[in-house]
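Colleague: Before I ask anything, here is the structure I am working with.
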Amino acid sequence: MSGFVSALMVVGLLGATGGAPVGAPTPVEVRAQPCGPVVTQPLVEAPWGLTRLRPDLAWPLTEGAGVTVAVIDSGVSPASPSLSGKVAPGIDYVDPTAGPGQCDENGHGTLIAGIIAGRETVSGGFRFYGVAPEATIVPVRVLRDQQRSFESDLSDRIANAIRWAVDVGRADVINLSLTTEPNADLAAAVRHAIDQHVVVVAAAGNEGTSQQPGQQTYPAAYPGVIGVAGVDMQDRHVSSSTSGDYVDVAAPGVRIAGPSPQGGGFLFSADGGTSFATAYVSGVAALVRAYYPDLTPDQVTQRIEQTAEHPAQQWNSDVGYGVVDPARAVGSLAEPAGVAPGQAGAGSSPRAGMAPVAAPVQTGQGLTIAAAWIAGAGVVVVFGVLVGSSVARRGRKRNWRVNRL
C-alpha cells in the first residue's frame, strides 16, 4: 500500500453541477518534508461533507469550546491556517526526537484534525471549517504513514497512546482513524478511557484492504466505542466500508478535502475511507460534550445515535443508526438521560424556550470538489493485522433501544 502523500494526484476539475472529469489526471507537486508535504492546491468547490452535515447549524449553541480531542494518528501539523493555534503539545511514539506529536510526515492526521476542529478559512473562494472549530486538538503520533504495519508492538503502542491521551493529554474525545489487532492491553486502555469520562470514536474499517469480509475491526468493535461507517454523496453505504454489529453511525466517507501539513493548501481523496467519516463523528461528539459536559460517554453515544437520520429499519449493519446530524445532536429538545430540562454546559447559550433545531437539508447533490485519489493506497488508514471474534449488537450491550426523537 503506497503512502497517502506520495501517490496524491488531482484527477480533474468537475463542473458546478457535477459530471465527468474534464481533464486527464495531473500530478500535484508534493515536496517531501521532514514534517509533512508542502501542498498549495486550494479548494475548487465547497466540501460536500460540510454542506451535507451542516455542523454550523449547531454553532449558535456551541462550537466545541473547552473540549480537547486527541487525534491518535500520524501526527498533526499546526502549520495549516485552519489549525494555527489549535494544536496543543502532544507526544510522538514513533520518533520522540521529532517533537510533541506535531510532525506529520504523511498528512493523514492533519487532514483528520482539520475535519474535527479546523477554524473557518477561505480557500479558492470556498469555505472550509471543522465540525467543532473551537475545540482543541492534542496529537498523539503512533505511525509514520498509512502503510499496513505488522509491528508486533503496534497494538500496545496504541494502547499506551490512549492512556496518555486520557491521563496526560486530558482528552474529552479520542479519535482513532485506524485499525489494529485486538489484545488485552488495548481493550483495557479503551475501557480506562471510557471509565474516565472520555468518548472514544473509531473507524469501522474497510473490507478488501484491511480485513476479510465480516471480520470485526478494532478498536471500533470494543464495547462503548462509537464505530463509524462511511456514506457517499447520495447517503449510500460505501461498499468498501466494513459492515457489522459494531457499526453505530455513519458520516461522509468519500471525496474528502482537508488541510495539508505545510503550504497552506488542501489534500484531496476521492476514495476517502472510514478514517475521515470517523473525524466527522468525533467533531459531533466534541459539540455534544461541550454543550453537555456532564454526560457519560454512553449518554453522548445515545444522543448521537438517537438524533441520527435512521435507515428504514432504524438500525442496520451498514450504517448503524444512520448519518449523524450535528444540529439535532446538540439542539434537540429531548434531553439526554440524567440532564434536567434547561441544564446545559457552562458557557453555552440559554436553553429556555429553545425551538427544535431542524434537520439540515441535504445539498450535496450536484456539488463537486477537486477530486484526488491515493493510487494503490486503499480507502482507509489500516494499521496492523485484524483478528476478530463474535461481537454482540452494540445497543444490546448497553441494554437500551433507540427511539426517534
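Within each chain, counting starts at residue 1; across the C-alpha cells, chains are named A, B, ... in the order shown, with ligands numbered 1 upward in that order.
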As a ChimeraX atom specification, which residues of segment 153-314 of chain A does DSSP assign to helix (DSSP H, G or I)?
Modeller: /A:154-167,184-195,274-291,297-306
Colleague: Write the selection just made, keeping C-alpha atoms, as a compact mmCIF listing (two decimals), in the first residue's frame?
Modeller:
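Result file is again-v7.txt:
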# COMPACT_ATOMS: atom_id res chain seq x y z
CA LEU A 154 1.68 -1.79 17.49
CA SER A 155 -1.46 -2.57 19.48
CA ASP A 156 0.42 -1.97 22.72
CA ARG A 157 1.70 1.34 21.32
CA ILE A 158 -1.84 2.42 20.51
CA ALA A 159 -2.95 1.30 23.97
CA ASN A 160 -0.22 3.46 25.52
CA ALA A 161 -1.31 6.34 23.30
CA ILE A 162 -4.89 6.06 24.54
CA ARG A 163 -3.76 6.05 28.17
CA TRP A 164 -1.52 9.07 27.57
CA ALA A 165 -4.36 10.94 25.87
CA VAL A 166 -6.58 10.33 28.90
CA ASP A 167 -4.14 10.75 31.78
CA ALA A 184 -5.97 -7.38 26.35
CA ASP A 185 -3.93 -4.21 26.85
CA LEU A 186 -5.74 -2.37 24.08
CA ALA A 187 -9.12 -3.43 25.45
CA ALA A 188 -8.11 -2.28 28.94
CA ALA A 189 -6.92 1.09 27.59
CA VAL A 190 -10.24 1.69 25.83
CA ARG A 191 -12.10 0.73 28.99
CA HIS A 192 -9.91 3.10 31.01
CA ALA A 193 -10.75 5.97 28.65
CA ILE A 194 -14.48 5.35 28.90
CA ASP A 195 -14.30 4.96 32.68
CA THR A 274 -13.95 5.40 7.20
CA SER A 275 -10.96 7.27 8.64
CA PHE A 276 -12.49 10.52 7.50
CA ALA A 277 -16.05 9.58 8.42
CA THR A 278 -14.73 8.98 11.93
CA ALA A 279 -13.36 12.52 12.09
CA TYR A 280 -16.80 13.99 11.32
CA VAL A 281 -18.33 11.97 14.14
CA SER A 282 -15.57 12.96 16.57
CA GLY A 283 -16.44 16.56 15.76
CA VAL A 284 -20.08 15.91 16.60
CA ALA A 285 -19.03 14.23 19.85
CA ALA A 286 -16.99 17.35 20.70
CA LEU A 287 -20.03 19.56 20.17
CA VAL A 288 -22.20 17.36 22.36
CA ARG A 289 -19.51 17.11 25.04
CA ALA A 290 -19.12 20.91 25.08
CA TYR A 291 -22.85 21.53 25.48
CA PRO A 297 -19.69 8.59 27.18
CA ASP A 298 -22.63 6.22 26.83
CA GLN A 299 -25.09 9.11 27.05
CA VAL A 300 -23.13 11.04 24.42
CA THR A 301 -23.27 7.97 22.18
CA GLN A 302 -27.00 7.56 22.73
CA ARG A 303 -27.67 11.18 21.87
CA ILE A 304 -25.64 10.97 18.66
CA GLU A 305 -27.38 7.74 17.66
CA GLN A 306 -30.89 8.85 18.60
Colleague: Residues near Val69 of chain A, anyone? I mean within 8 Å using only C-alpha atoms, not counting same-chain ones fewer than 5 positions away, as a ChimeraX atom specification.
Modeller: /A:135-138,171-175,282,286
Colleague: Using DSSP on the backbone coordinates, identify all residues within segment 240-290 of chain A classified as strand (DSSP E); present the result as a ChimeraX atom specification.
Modeller: /A:247-252,256-259,266-269
Colleague: Write to file, as a PDB file, in the first residue's frame, the residues of the selection just made, with C-alpha atoms.
Modeller:
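In the end it all went to out_39.pdb:
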ATOM      1  CA  VAL A 247     -21.321  -0.128  13.466  1.00  0.00           C
ATOM      2  CA  ASP A 248     -23.120   2.679  15.313  1.00  0.00           C
ATOM      3  CA  VAL A 249     -23.426   5.621  12.913  1.00  0.00           C
ATOM      4  CA  ALA A 250     -22.207   6.883   9.557  1.00  0.00           C
ATOM      5  CA  ALA A 251     -20.762  10.053   8.044  1.00  0.00           C
ATOM      6  CA  PRO A 252     -19.281  11.229   4.716  1.00  0.00           C
ATOM      7  CA  ILE A 256     -12.686  14.220   1.151  1.00  0.00           C
ATOM      8  CA  ALA A 257     -10.867  17.540   1.432  1.00  0.00           C
ATOM      9  CA  GLY A 258      -8.796  18.772   4.347  1.00  0.00           C
ATOM     10  CA  PRO A 259      -5.750  20.860   5.244  1.00  0.00           C
ATOM     11  CA  PHE A 266      -5.604  21.164   0.821  1.00  0.00           C
ATOM     12  CA  LEU A 267      -5.241  17.430   0.419  1.00  0.00           C
ATOM     13  CA  PHE A 268      -7.947  15.611  -1.533  1.00  0.00           C
ATOM     14  CA  SER A 269      -9.036  11.977  -1.595  1.00  0.00           C
TER      15      SER A 269
END
Colleague: May I ask for the distance between atom CA of Val38 of chain A and atom CA of Asp104 of chain A, given in Å to one decimal place?
Modeller: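 Going from atom CA of Val38 of chain A over to atom CA of Asp104 of chain A, I get 11.2 Å.
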Colleague: As a ChimeraX atom specification, please: the residues near Ala58 of chain A (cut-off 10 Å, only C-alpha atoms, same-chain neighbours under 6 positions excluded).
Modeller: /A:64,131-132,284,287-288,325-331,357
Colleague: Store the residues of this selection in a file with C-alpha atoms, as a short mmCIF file (atom, residue, chain, number, x, y, z; two decimals), in the first residue's frame.
Modeller:
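Saved to result.cif:
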data_model
loop_
_atom_site.label_atom_id
_atom_site.label_comp_id
_atom_site.auth_asym_id
_atom_site.auth_seq_id
_atom_site.Cartn_x
_atom_site.Cartn_y
_atom_site.Cartn_z
CA GLY A 64 -16.91 22.95 20.93
CA VAL A 131 -17.26 20.41 12.76
CA ALA A 132 -16.25 21.83 16.16
CA VAL A 284 -20.08 15.91 16.60
CA LEU A 287 -20.03 19.56 20.17
CA VAL A 288 -22.20 17.36 22.36
CA ASP A 325 -26.88 15.17 12.47
CA PRO A 326 -24.78 17.69 14.43
CA ALA A 327 -27.54 20.26 14.94
CA ARG A 328 -30.06 17.74 16.26
CA ALA A 329 -27.44 16.00 18.40
CA VAL A 330 -26.81 19.26 20.22
CA GLY A 331 -30.11 21.11 19.97
CA VAL A 357 -33.35 22.55 15.52
#
Colleague: Go through A:Ala229, A:Lys86, A:Asn206, A:Gly107 one by one, measure the shortest atom-to-atom distance of each to Val39 of chain A using only C-alpha atoms, and give the residue with the smallest value.
Modeller: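 Residue with the minimum atom-to-atom distance to Val39 of chain A: A:Gly107.
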Colleague: Taking into account only C-alpha atoms, which residue in the set A:His197, A:Arg52, A:Arg255, A:Arg236 is nearest to Asp294 of chain A?
Modeller: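 When distances to Asp294 of chain A are compared using only C-alpha atoms, the smallest one comes from A:His197.
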Colleague: What separation in Å, quoted to one decimal, exists between atom CA of Ala270 of chain A and atom CA of Gly130 of chain A?
Modeller: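 Atom-to-atom, atom CA of Ala270 of chain A to atom CA of Gly130 of chain A, that is 18.9 Å.
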Colleague: What does the structure give for the distance between atom CA of Gly66 of chain A and atom CA of Val323 of chain A, in Å to one decimal?
Modeller: 25.5 Å
Colleague: For Gln215 of chain A, which residue among A:Gly273, A:Arg54, A:Asp245, A:Glu63 is the nearest when counting only C-alpha atoms?
Modeller: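 Ranking A:Gly273, A:Arg54, A:Asp245, A:Glu63 by distance to Gln215 of chain A, first place goes to A:Asp245.
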Colleague: Looking at A:Ile72, A:Ala88, A:Leu143, A:Leu50, which one is nearest to Leu176 of chain A, with distances taken over only C-alpha atoms?
Modeller: A:Ile72
